[in-house]
$ cat model-v9.csv   # CSV, C-alpha atoms and all ligand atoms
chain,number,residue,atom,x,y,z
A,1,MET,CA,0.0,0.0,0.0
A,2,ALA,CA,1.7,3.2,-1.2
A,3,SER,CA,-0.5,5.8,0.4
A,4,SER,CA,-3.6,6.3,2.5
A,5,PRO,CA,-6.3,6.8,1.4
A,6,GLY,CA,-5.2,4.1,-1.0
A,7,GLU,CA,-5.5,0.6,-2.1
A,8,TYR,CA,-4.2,-2.6,-0.6
A,9,GLY,CA,-1.7,-4.6,-2.7
A,10,PHE,CA,0.2,-7.8,-2.3
A,11,GLY,CA,4.0,-7.6,-1.6
A,12,ASP,CA,6.8,-9.0,0.4
A,13,VAL,CA,7.6,-7.2,3.7
A,14,ASP,CA,10.2,-8.3,6.2
A,15,LEU,CA,8.6,-9.7,9.2
A,16,PRO,CA,9.9,-8.1,12.4
A,17,ALA,CA,11.9,-10.4,14.7
A,18,PRO,CA,9.7,-11.4,17.7
A,19,GLY,CA,10.8,-9.6,20.9
A,20,PRO,CA,10.6,-10.8,24.5
A,21,ARG,CA,7.0,-12.1,25.2
A,22,GLN,CA,6.2,-12.1,21.5
A,23,VAL,CA,5.7,-15.0,19.1
A,24,VAL,CA,5.3,-15.5,15.4
A,25,VAL,CA,2.0,-17.0,14.2
A,26,ASP,CA,1.6,-18.5,10.8
A,27,VAL,CA,-1.9,-17.5,9.9
A,28,VAL,CA,-4.3,-20.2,8.7
A,29,ALA,CA,-7.6,-18.1,8.6
A,30,SER,CA,-8.3,-14.4,9.2
A,31,ALA,CA,-11.5,-12.3,9.0
A,32,LEU,CA,-12.3,-9.0,7.5
A,33,ASN,CA,-13.7,-6.1,9.4
A,34,HIS,CA,-15.0,-2.6,8.6
A,35,LEU,CA,-11.7,-1.3,10.0
A,36,ASP,CA,-10.1,-2.7,6.8
A,37,LEU,CA,-12.3,-0.4,4.8
A,38,TRP,CA,-11.8,2.6,7.1
A,39,LEU,CA,-8.1,2.3,6.8
A,40,ARG,CA,-8.2,2.1,3.0
A,41,ALA,CA,-10.2,5.4,3.2
A,42,GLY,CA,-7.5,7.0,5.4
A,43,MET,CA,-9.8,7.0,8.5
A,44,PRO,CA,-7.6,6.9,10.4
A,45,ALA,CA,-4.5,7.2,8.1
A,46,PRO,CA,-1.9,4.7,9.3
A,47,LYS,CA,1.0,6.4,11.2
A,48,ALA,CA,3.5,4.5,9.0
A,49,LEU,CA,3.4,2.6,5.8
A,50,PRO,CA,3.4,-0.1,4.7
A,51,ILE,CA,0.9,-1.6,7.0
A,52,VAL,CA,-0.5,-5.2,7.0
A,53,PRO,CA,-4.3,-5.0,7.8
A,54,GLY,CA,-6.2,-7.7,9.7
A,55,CYS,CA,-7.7,-7.5,13.2
A,56,ASP,CA,-8.7,-11.2,13.4
A,57,GLY,CA,-6.7,-14.3,12.8
A,58,ALA,CA,-6.0,-17.8,13.9
A,59,GLY,CA,-3.0,-20.0,13.1
A,60,VAL,CA,0.0,-22.0,14.3
A,61,VAL,CA,2.8,-20.7,16.5
A,62,ALA,CA,5.9,-20.8,14.2
A,63,ALA,CA,8.7,-19.1,16.3
A,64,LEU,CA,9.2,-17.7,19.8
A,65,GLY,CA,10.9,-14.5,21.0
A,66,PRO,CA,13.7,-14.6,23.5
A,67,GLY,CA,12.9,-15.6,27.1
A,68,PRO,CA,10.2,-17.6,28.7
A,69,THR,CA,6.7,-18.0,27.1
A,70,ARG,CA,3.7,-20.1,27.8
A,71,TRP,CA,3.5,-21.1,24.1
A,72,GLN,CA,5.4,-23.7,22.0
A,73,VAL,CA,6.0,-24.0,18.3
A,74,GLY,CA,3.1,-25.8,16.8
A,75,ASP,CA,0.5,-24.6,19.2
A,76,GLU,CA,-2.8,-23.7,17.5
A,77,VAL,CA,-4.0,-20.3,18.6
A,78,VAL,CA,-6.5,-17.4,18.1
A,79,ILE,CA,-5.3,-13.8,18.2
A,80,ASN,CA,-7.0,-11.4,20.6
A,81,PRO,CA,-7.5,-8.3,18.3
A,82,SER,CA,-6.8,-5.8,21.0
A,83,PHE,CA,-3.5,-5.2,22.9
A,84,ALA,CA,-2.4,-3.2,25.8
A,85,CYS,CA,0.7,-2.6,28.0
A,86,GLY,CA,-0.2,-5.3,30.5
A,87,HIS,CA,1.2,-3.6,33.6
A,88,CYS,CA,-0.5,-0.2,34.1
A,89,PRO,CA,-3.2,0.1,36.8
A,90,ASP,CA,-6.0,-0.3,34.2
A,91,CYS,CA,-4.4,-3.4,32.7
A,92,VAL,CA,-3.8,-4.9,36.2
A,93,ALA,CA,-7.5,-4.3,37.0
A,94,ASP,CA,-8.7,-5.9,33.7
A,95,ARG,CA,-9.7,-2.6,32.3
A,96,SER,CA,-7.2,-2.8,29.4
A,97,VAL,CA,-9.6,-0.9,27.2
A,98,PHE,CA,-8.6,2.2,29.1
A,99,CYS,CA,-4.8,1.5,28.9
A,100,PRO,CA,-2.9,4.4,27.4
A,101,GLU,CA,-1.3,1.9,25.0
A,102,PHE,CA,-4.6,0.2,24.0
A,103,GLY,CA,-4.7,-0.6,20.3
A,104,ILE,CA,-6.0,-2.8,17.6
A,105,MET,CA,-4.2,-5.4,15.6
A,106,GLY,CA,-4.2,-4.4,11.9
A,107,GLU,CA,-4.5,-0.7,12.8
A,108,HIS,CA,-1.8,0.1,15.4
A,109,ARG,CA,0.3,-2.9,14.7
A,110,TRP,CA,0.7,-5.1,11.6
A,111,GLY,CA,-2.3,-7.5,11.5
A,112,ALA,CA,-3.2,-10.9,10.3
A,113,HIS,CA,-3.9,-10.6,6.6
A,114,GLY,CA,-0.4,-11.9,5.8
A,115,ARG,CA,1.3,-15.2,5.9
A,116,SER,CA,2.6,-14.6,9.4
A,117,VAL,CA,2.2,-12.0,12.1
A,118,VAL,CA,4.2,-11.1,15.3
A,119,VAL,CA,1.9,-11.1,18.3
A,120,GLY,CA,2.3,-10.5,22.0
A,121,GLU,CA,2.0,-13.8,23.9
A,122,ALA,CA,-0.7,-12.3,26.1
A,123,ASN,CA,-2.7,-11.7,22.9
A,124,LEU,CA,-3.1,-15.4,22.2
A,125,VAL,CA,-5.6,-18.0,23.4
A,126,ALA,CA,-5.7,-21.7,22.5
A,127,ARG,CA,-7.8,-22.4,19.4
A,128,PRO,CA,-11.2,-23.6,20.7
A,129,ALA,CA,-11.4,-27.3,20.4
A,130,GLY,CA,-13.8,-28.7,17.8
A,131,ARG,CA,-14.2,-25.4,15.9
A,132,THR,CA,-13.0,-25.0,12.3
A,133,TRP,CA,-10.1,-22.7,11.3
A,134,GLU,CA,-12.7,-20.4,9.7
A,135,GLU,CA,-14.7,-20.1,12.9
A,136,ALA,CA,-11.5,-19.6,15.0
A,137,GLY,CA,-10.3,-16.8,12.7
A,138,ALA,CA,-13.7,-15.1,12.6
A,139,TYR,CA,-15.1,-14.7,16.1
A,140,GLY,CA,-12.5,-12.3,17.7
A,141,LEU,CA,-13.2,-8.7,17.1
A,142,CYS,CA,-16.9,-8.7,16.5
A,143,GLY,CA,-17.6,-11.3,19.2
A,144,LEU,CA,-15.5,-9.5,21.7
A,145,THR,CA,-17.2,-6.2,20.9
A,146,ALA,CA,-20.7,-7.7,21.2
A,147,TYR,CA,-19.8,-9.6,24.4
A,148,ARG,CA,-18.6,-6.4,26.2
A,149,MET,CA,-21.6,-4.4,24.9
A,150,LEU,CA,-24.0,-6.9,26.4
A,151,ARG,CA,-22.0,-6.9,29.7
A,152,ARG,CA,-21.9,-3.1,29.8
A,153,ALA,CA,-25.7,-3.0,29.1
A,154,ARG,CA,-26.2,-5.5,32.0
A,155,LEU,CA,-28.3,-7.8,29.9
A,156,ARG,CA,-30.1,-10.3,32.2
A,157,THR,CA,-31.9,-13.6,31.7
A,158,GLY,CA,-35.5,-13.1,30.6
A,159,GLU,CA,-34.9,-9.5,29.4
A,160,THR,CA,-35.8,-8.4,25.8
A,161,LEU,CA,-32.8,-7.6,23.5
A,162,LEU,CA,-33.3,-5.9,20.2
A,163,VAL,CA,-30.3,-6.2,17.7
A,164,ILE,CA,-30.3,-3.5,15.0
A,165,GLY,CA,-29.0,-4.4,11.6
A,166,ALA,CA,-28.9,-8.2,11.6
A,167,GLY,CA,-26.2,-9.5,9.3
A,168,GLY,CA,-23.3,-7.3,10.4
A,169,GLY,CA,-20.6,-9.0,12.3
A,170,VAL,CA,-21.2,-7.4,15.7
A,171,ALA,CA,-25.0,-7.6,15.3
A,172,THR,CA,-24.8,-11.3,14.4
A,173,ALA,CA,-22.6,-12.0,17.4
A,174,ALA,CA,-24.9,-10.1,19.7
A,175,LEU,CA,-27.8,-12.1,18.3
A,176,VAL,CA,-26.3,-15.4,19.4
A,177,LEU,CA,-24.7,-14.1,22.6
A,178,GLY,CA,-28.0,-12.6,23.7
A,179,GLN,CA,-29.7,-16.0,23.4
A,180,ARG,CA,-26.8,-17.6,25.3
A,181,MET,CA,-27.4,-15.1,28.1
A,182,GLY,CA,-31.0,-16.1,28.3
A,183,ALA,CA,-32.6,-13.0,26.7
A,184,ARG,CA,-35.6,-12.9,24.3
A,185,VAL,CA,-33.9,-11.7,21.2
A,186,PHE,CA,-35.4,-9.7,18.3
A,187,ALA,CA,-33.7,-8.1,15.3
A,188,THR,CA,-34.1,-5.6,12.5
A,189,SER,CA,-32.8,-5.5,9.0
A,190,ARG,CA,-33.6,-3.7,5.7
A,191,HIS,CA,-33.3,-7.0,3.9
A,192,PRO,CA,-36.0,-9.6,4.0
A,193,ALA,CA,-33.5,-12.4,3.5
A,194,LYS,CA,-31.4,-11.2,6.5
A,195,ARG,CA,-34.6,-11.0,8.6
A,196,ALA,CA,-35.2,-14.7,7.7
A,197,ARG,CA,-31.6,-15.6,8.6
A,198,ALA,CA,-31.9,-13.8,11.9
A,199,VAL,CA,-35.0,-15.9,12.8
A,200,ALA,CA,-33.3,-19.1,11.6
A,201,LEU,CA,-30.5,-18.2,14.0
A,202,GLY,CA,-32.9,-18.0,16.9
A,203,ALA,CA,-34.4,-14.5,16.9
A,204,LEU,CA,-38.0,-14.6,18.0
A,205,ASP,CA,-38.9,-12.2,15.2
A,206,ALA,CA,-37.2,-9.7,12.9
A,207,PHE,CA,-38.6,-6.4,11.7
A,208,ALA,CA,-38.0,-4.1,8.8
A,209,SER,CA,-35.6,-1.2,9.7
A,210,ASP,CA,-37.8,1.6,8.3
A,211,ALA,CA,-41.0,0.7,10.2
A,212,LYS,CA,-41.8,1.2,13.9
A,213,VAL,CA,-40.5,-1.8,15.9
A,214,PRO,CA,-43.5,-3.6,17.5
A,215,VAL,CA,-41.5,-4.6,20.7
A,216,LYS,CA,-40.1,-2.7,23.6
A,217,ALA,CA,-36.6,-3.8,24.6
A,218,ASP,CA,-34.7,-3.7,27.8
A,219,VAL,CA,-31.5,-3.5,25.8
A,220,VAL,CA,-30.9,-2.3,22.2
A,221,VAL,CA,-27.6,-3.1,20.5
A,222,ASP,CA,-26.7,-0.7,17.6
A,223,SER,CA,-23.4,-1.3,15.8
A,224,ALA,CA,-24.3,0.9,12.9
A,225,GLY,CA,-25.3,4.3,14.4
A,226,GLY,CA,-26.6,7.4,12.7
A,227,ALA,CA,-29.5,6.4,10.5
A,228,THR,CA,-30.7,3.8,13.0
A,229,TRP,CA,-30.6,6.0,16.0
A,230,ALA,CA,-34.3,7.0,16.0
A,231,THR,CA,-35.4,3.3,15.6
A,232,ALA,CA,-33.1,2.3,18.4
A,233,MET,CA,-34.3,5.0,20.8
A,234,SER,CA,-38.0,4.4,20.0
A,235,ALA,CA,-37.6,0.7,20.8
A,236,LEU,CA,-36.5,1.2,24.4
A,237,ARG,CA,-38.9,0.4,27.2
A,238,PRO,CA,-38.8,2.7,30.3
A,239,GLY,CA,-35.4,2.4,31.9
A,240,GLY,CA,-34.0,0.7,28.8
A,241,ARG,CA,-30.3,0.7,27.8
A,242,LEU,CA,-29.0,1.5,24.3
A,243,VAL,CA,-25.5,0.4,23.7
A,244,ILE,CA,-23.5,1.7,20.7
A,245,CYS,CA,-20.2,0.6,19.2
A,246,GLY,CA,-20.2,2.2,15.7
A,247,GLY,CA,-20.8,5.2,13.6
A,248,THR,CA,-20.7,3.7,10.1
A,249,GLY,CA,-24.3,5.0,9.5
A,250,GLY,CA,-23.4,8.5,10.6
A,251,SER,CA,-21.4,10.0,13.4
A,252,LYS,CA,-23.9,12.6,14.7
A,253,VAL,CA,-27.4,12.2,16.0
A,254,GLU,CA,-30.1,14.3,17.6
A,255,LEU,CA,-30.9,13.5,21.2
A,256,ASN,CA,-34.3,14.5,22.6
A,257,LEU,CA,-33.4,15.3,26.2
A,258,PRO,CA,-36.9,15.2,27.7
A,259,ARG,CA,-37.4,11.8,26.1
A,260,LEU,CA,-34.1,10.7,27.6
A,261,PHE,CA,-34.8,11.7,31.1
A,262,PHE,CA,-38.5,10.9,31.3
A,263,GLY,CA,-37.8,7.5,29.8
A,264,GLN,CA,-34.9,7.1,32.3
A,265,TYR,CA,-32.9,5.7,29.4
A,266,GLU,CA,-29.2,5.0,29.4
A,267,VAL,CA,-27.0,5.5,26.3
A,268,ILE,CA,-23.8,3.4,26.6
A,269,GLY,CA,-20.7,3.6,24.5
A,270,SER,CA,-18.5,0.5,24.2
A,271,THR,CA,-15.6,-0.7,22.1
A,272,LEU,CA,-13.8,-4.0,21.9
A,273,GLY,CA,-13.2,-5.7,25.3
A,274,THR,CA,-10.7,-6.8,27.9
A,275,PHE,CA,-8.4,-9.8,28.1
A,276,ALA,CA,-10.7,-11.5,30.6
A,277,GLU,CA,-13.7,-10.9,28.4
A,278,PHE,CA,-11.8,-12.4,25.4
A,279,GLU,CA,-11.1,-15.5,27.6
A,280,GLN,CA,-14.8,-15.7,28.5
A,281,LEU,CA,-15.9,-15.3,24.9
A,282,THR,CA,-13.4,-18.0,23.8
A,283,ALA,CA,-14.9,-20.4,26.5
A,284,LEU,CA,-18.3,-19.7,25.0
A,285,VAL,CA,-17.1,-20.5,21.5
A,286,THR,CA,-15.5,-23.7,22.8
A,287,GLY,CA,-18.8,-24.5,24.3
A,288,GLY,CA,-20.6,-24.3,21.0
A,289,LEU,CA,-21.5,-20.6,20.5
A,290,PRO,CA,-22.4,-20.3,16.9
A,291,VAL,CA,-19.9,-18.3,14.8
A,292,VAL,CA,-21.6,-17.2,11.6
A,293,VAL,CA,-19.4,-17.3,8.6
A,294,ASP,CA,-20.8,-15.6,5.5
A,295,SER,CA,-18.2,-16.5,3.0
A,296,VAL,CA,-14.7,-17.8,2.6
A,297,TYR,CA,-12.1,-16.6,0.1
A,298,PRO,CA,-8.5,-17.6,-0.5
A,299,LEU,CA,-6.1,-14.9,0.7
A,300,ALA,CA,-5.2,-14.1,-2.9
A,301,GLU,CA,-8.8,-13.0,-3.5
A,302,TYR,CA,-8.6,-10.3,-0.8
A,303,PRO,CA,-9.9,-7.6,-3.1
A,304,ALA,CA,-13.1,-9.6,-3.8
A,305,ALA,CA,-13.6,-10.3,-0.1
A,306,LEU,CA,-13.3,-6.5,0.6
A,307,ASP,CA,-15.9,-5.8,-2.1
A,308,ARG,CA,-18.2,-8.3,-0.4
A,309,LEU,CA,-17.9,-6.5,2.9
A,310,ALA,CA,-18.2,-3.0,1.3
A,311,ALA,CA,-21.4,-4.0,-0.5
A,312,GLY,CA,-23.0,-4.8,2.9
A,313,ASP,CA,-24.8,-8.0,1.6
A,314,GLN,CA,-23.0,-10.3,4.0
A,315,PHE,CA,-24.6,-12.1,6.9
A,316,GLY,CA,-21.8,-12.9,9.4
A,317,LYS,CA,-18.1,-12.8,8.8
A,318,VAL,CA,-16.1,-12.7,5.6
A,319,VAL,CA,-13.2,-15.0,6.1
A,320,LEU,CA,-9.8,-15.5,4.3
A,321,LEU,CA,-8.1,-18.9,4.1
A,322,HIS,CA,-4.3,-18.5,4.0
A,323,ARG,CA,-3.4,-22.0,2.9
B,1,ZN,ZN,-1.9,-0.9,30.3

$ encode --input "model-v9.csv" --output "structure tokens"
Amino acid sequence: MASSPGEYGFGDVDLPAPGPRQVVVDVVASALNHLDLWLRAGMPAPKALPIVPGCDGAGVVAALGPGPTRWQVGDEVVINPSFACGHCPDCVADRSVFCPEFGIMGEHRWGAHGRSVVVGEANLVARPAGRTWEEAGAYGLCGLTAYRMLRRARLRTGETLLVIGAGGGVATAALVLGQRMGARVFATSRHPAKRARAVALGALDAFASDAKVPVKADVVVDSAGGATWATAMSALRPGGRLVICGGTGGSKVELNLPRLFFGQYEVIGSTLGTFAEFEQLTALVTGGLPVVVDSVYPLAEYPAALDRLAAGDQFGKVVLLHR
């Protein structure tokens, strides 16, 4: 990639040598995220080029940095898409999302859309047993984001959850996680086929995005933002919580303050998750949590995979197979 905004291109780059507490992972499967599209548009512009994109990946440990590590060459692992310093007060208290060095693989460090990637050993978990490479490479960023959103919104068994925009990676993860947490889950989508998929995945019903939603929810998950704000706010029951992790649909909204305080609503921002939350999510995946894969492309067809994501027609994760 020569400049940003710019285009991705294939090329050979020297892999940095792994430092202490770092390992080299040969990537078997990685997944695309909207961040890949944002970076291409220069939002944000990478601090240095070239950059290897890719927040999500799973593969095999190929080399170890100097010093002790809990990993061995040959271990099958999944990469936690977020990293942090590991020793500041926030990291020690499992609030790594507030660490001054908090960052995302593929944005602040070279990511997983290459043959190999250098990763901090704390950023790895063992590949969930019984899950495919595609699933292992796909659940990270969106699953972690959705898991923390539902925790921050304090979703409880028996509550009603409305997921806006079924089909997106975070929305699809929230749909399956909400069920696993014992909620009654509903969804919205502009597309009839995606509404049908949401119901097939266990949603009790799915509604058109442009009509009034006929349920009132304790928790609404909105990973798109902007255009869906009014729908999301109007679906809250008194005391309901709206949790937001994205602004792809628009970064500014109008907030009706009397509605906010008379309804005693909460609007909660959330992004990614902590190391403990990634471990908990991985345990859920090991226990059979569905990981919805939309499509799988060979790494060489990365541009076509990006186009699939940019078109917004996917339901679940777009995955790259590296071998
Ligand atoms: Zn820290």

$ residues_around --input "model-v9.csv" --residues "range 7-22 of chain A" --least-positions-apart "4" --cutoff "7 Å" --atoms "all atoms listed in the file" --output "list in words"
Met1, Arg40, Leu64, Gly65, Pro66, Gly67, Thr69, Val118, Val119, Gly120 and Glu121 of chain A

$ residues_near_ligand --input "model-v9.csv" --ligand "ligand ZN 1 (chain B)" --cutoff "7 Å" --atoms "only C-alpha atoms and all ligand atoms" --output "short mmCIF file (atom, residue, chain, number, x, y, z; two decimals) with C-alpha atoms, keeping the file's coordinate frame"
data_model
loop_
_atom_site.label_atom_id
_atom_site.label_comp_id
_atom_site.auth_asym_id
_atom_site.auth_seq_id
_atom_site.Cartn_x
_atom_site.Cartn_y
_atom_site.Cartn_z
CA ALA A 84 -2.40 -3.20 25.80
CA CYS A 85 0.70 -2.60 28.00
CA GLY A 86 -0.20 -5.30 30.50
CA HIS A 87 1.20 -3.60 33.60
CA CYS A 88 -0.50 -0.20 34.10
CA PRO A 89 -3.20 0.10 36.80
CA ASP A 90 -6.00 -0.30 34.20
CA CYS A 91 -4.40 -3.40 32.70
CA SER A 96 -7.20 -2.80 29.40
CA CYS A 99 -4.80 1.50 28.90
CA PRO A 100 -2.90 4.40 27.40
CA GLU A 101 -1.30 1.90 25.00
CA PHE A 102 -4.60 0.20 24.00
#

$ closest_residue --input "model-v9.csv" --among "A:Leu144, A:His108, A:Ala45, A:Leu32" --to "Thr282 in chain A" --atoms "all atoms listed in the file"
A:Leu144

$ residues_near_point --input "model-v9.csv" --point "(-2.0, -1.6, 10.4)" --cutoff "9 Å" --atoms "all atoms listed in the file" --output "PDB file with C-alpha atoms, in the frame of the given file"
ATOM      1  CA  ASP A  36     -10.100  -2.700   6.800  1.00  0.00           C
ATOM      2  CA  LEU A  39      -8.100   2.300   6.800  1.00  0.00           C
ATOM      3  CA  PRO A  46      -1.900   4.700   9.300  1.00  0.00           C
ATOM      4  CA  LYS A  47       1.000   6.400  11.200  1.00  0.00           C
ATOM      5  CA  ALA A  48       3.500   4.500   9.000  1.00  0.00           C
ATOM      6  CA  LEU A  49       3.400   2.600   5.800  1.00  0.00           C
ATOM      7  CA  PRO A  50       3.400  -0.100   4.700  1.00  0.00           C
ATOM      8  CA  ILE A  51       0.900  -1.600   7.000  1.00  0.00           C
ATOM      9  CA  VAL A  52      -0.500  -5.200   7.000  1.00  0.00           C
ATOM     10  CA  PRO A  53      -4.300  -5.000   7.800  1.00  0.00           C
ATOM     11  CA  GLY A  54      -6.200  -7.700   9.700  1.00  0.00           C
ATOM     12  CA  CYS A  55      -7.700  -7.500  13.200  1.00  0.00           C
ATOM     13  CA  ILE A 104      -6.000  -2.800  17.600  1.00  0.00           C
ATOM     14  CA  MET A 105      -4.200  -5.400  15.600  1.00  0.00           C
ATOM     15  CA  GLY A 106      -4.200  -4.400  11.900  1.00  0.00           C
ATOM     16  CA  GLU A 107      -4.500  -0.700  12.800  1.00  0.00           C
ATOM     17  CA  HIS A 108      -1.800   0.100  15.400  1.00  0.00           C
ATOM     18  CA  ARG A 109       0.300  -2.900  14.700  1.00  0.00           C
ATOM     19  CA  TRP A 110       0.700  -5.100  11.600  1.00  0.00           C
ATOM     20  CA  GLY A 111      -2.300  -7.500  11.500  1.00  0.00           C
TER      21      GLY A 111
END

$ atom_distance --input "model-v9.csv" --atom1 "CA of Arg241 in chain A" --atom2 "CA of Ala200 in chain A"
25.8 Å

$ closest_atom_pairs --input "model-v9.csv" --of "range 159-180 of chain A" --to "range 292-310 of chain A" --cutoff "10 Å" --atoms "all atoms listed in the file" --output "Markdown table"
| residue | atom | partner | partner_atom | distance |
| --- | --- | --- | --- | --- |
| A:Gly167 | CA | A:Asp294 | CA | 9.0 |
| A:Gly168 | CA | A:Leu309 | CA | 9.3 |
| A:Gly169 | CA | A:Val292 | CA | 8.3 |
| A:Thr172 | CA | A:Val292 | CA | 7.3 |
| A:Ala173 | CA | A:Val292 | CA | 7.9 |
| A:Val176 | CA | A:Val292 | CA | 9.3 |

$ write_last_selection --input "model-v9.csv" --atoms "C-alpha atoms" --output "short mmCIF file (atom, residue, chain, number, x, y, z; two decimals), in the frame of the given file"
data_model
loop_
_atom_site.label_atom_id
_atom_site.label_comp_id
_atom_site.auth_asym_id
_atom_site.auth_seq_id
_atom_site.Cartn_x
_atom_site.Cartn_y
_atom_site.Cartn_z
CA GLY A 167 -26.20 -9.50 9.30
CA GLY A 168 -23.30 -7.30 10.40
CA GLY A 169 -20.60 -9.00 12.30
CA THR A 172 -24.80 -11.30 14.40
CA ALA A 173 -22.60 -12.00 17.40
CA VAL A 176 -26.30 -15.40 19.40
#

$ residues_near_point --input "model-v9.csv" --point "(-34.9, 0.7, 26.5)" --cutoff "8 Å" --atoms "only C-alpha atoms" --output "PyMOL selection string"
chain A and resi 216-220+233+235-242+265-266

$ atom_distance --input "model-v9.csv" --atom1 "CA of Thr132 in chain A" --atom2 "CA of Ala63 in chain A"
22.8 Å

$ decode --input "model-v9.csv" --residues "range 226-232 of chain A" --atoms "all heavy atoms" --output "tab-separated table (two decimals), in the first residue's frame"
chain	number	residue	atom	x	y	z
A	226	GLY	N	-26.14	6.40	13.68
A	226	GLY	CA	-26.60	7.39	12.72
A	226	GLY	C	-28.02	7.14	12.27
A	226	GLY	O	-28.98	7.46	12.98
A	227	ALA	N	-28.16	6.54	11.10
A	227	ALA	CA	-29.47	6.37	10.49
A	227	ALA	C	-30.40	5.52	11.34
A	227	ALA	O	-31.63	5.62	11.23
A	227	ALA	CB	-29.31	5.76	9.10
A	228	THR	N	-29.86	4.67	12.17
A	228	THR	CA	-30.70	3.75	12.96
A	228	THR	C	-31.00	4.31	14.35
A	228	THR	O	-31.70	3.66	15.14
A	228	THR	CB	-29.99	2.40	13.10
A	228	THR	OG1	-28.67	2.62	13.62
A	228	THR	CG2	-29.89	1.69	11.76
A	229	TRP	N	-30.49	5.48	14.67
A	229	TRP	CA	-30.62	6.05	16.03
A	229	TRP	C	-32.09	6.16	16.46
A	229	TRP	O	-32.45	5.75	17.57
A	229	TRP	CB	-29.92	7.40	16.06
A	229	TRP	CG	-30.15	8.23	17.27
A	229	TRP	CD1	-31.03	9.26	17.39
A	229	TRP	CD2	-29.51	8.11	18.54
A	229	TRP	NE1	-30.97	9.80	18.65
A	229	TRP	CE2	-30.03	9.12	19.38
A	229	TRP	CE3	-28.52	7.26	19.06
A	229	TRP	CZ2	-29.62	9.29	20.70
A	229	TRP	CZ3	-28.11	7.44	20.38
A	229	TRP	CH2	-28.66	8.44	21.18
A	230	ALA	N	-32.93	6.75	15.59
A	230	ALA	CA	-34.33	6.99	15.96
A	230	ALA	C	-35.04	5.67	16.23
A	230	ALA	O	-35.79	5.53	17.21
A	230	ALA	CB	-35.04	7.78	14.86
A	231	THR	N	-34.80	4.67	15.36
A	231	THR	CA	-35.41	3.35	15.56
A	231	THR	C	-34.95	2.75	16.89
A	231	THR	O	-35.75	2.22	17.67
A	231	THR	CB	-35.00	2.40	14.41
A	231	THR	OG1	-35.45	2.95	13.19
A	231	THR	CG2	-35.59	1.02	14.61
A	232	ALA	N	-33.66	2.87	17.17
A	232	ALA	CA	-33.11	2.28	18.39
A	232	ALA	C	-33.69	2.95	19.63
A	232	ALA	O	-34.12	2.28	20.58
A	232	ALA	CB	-31.58	2.40	18.37
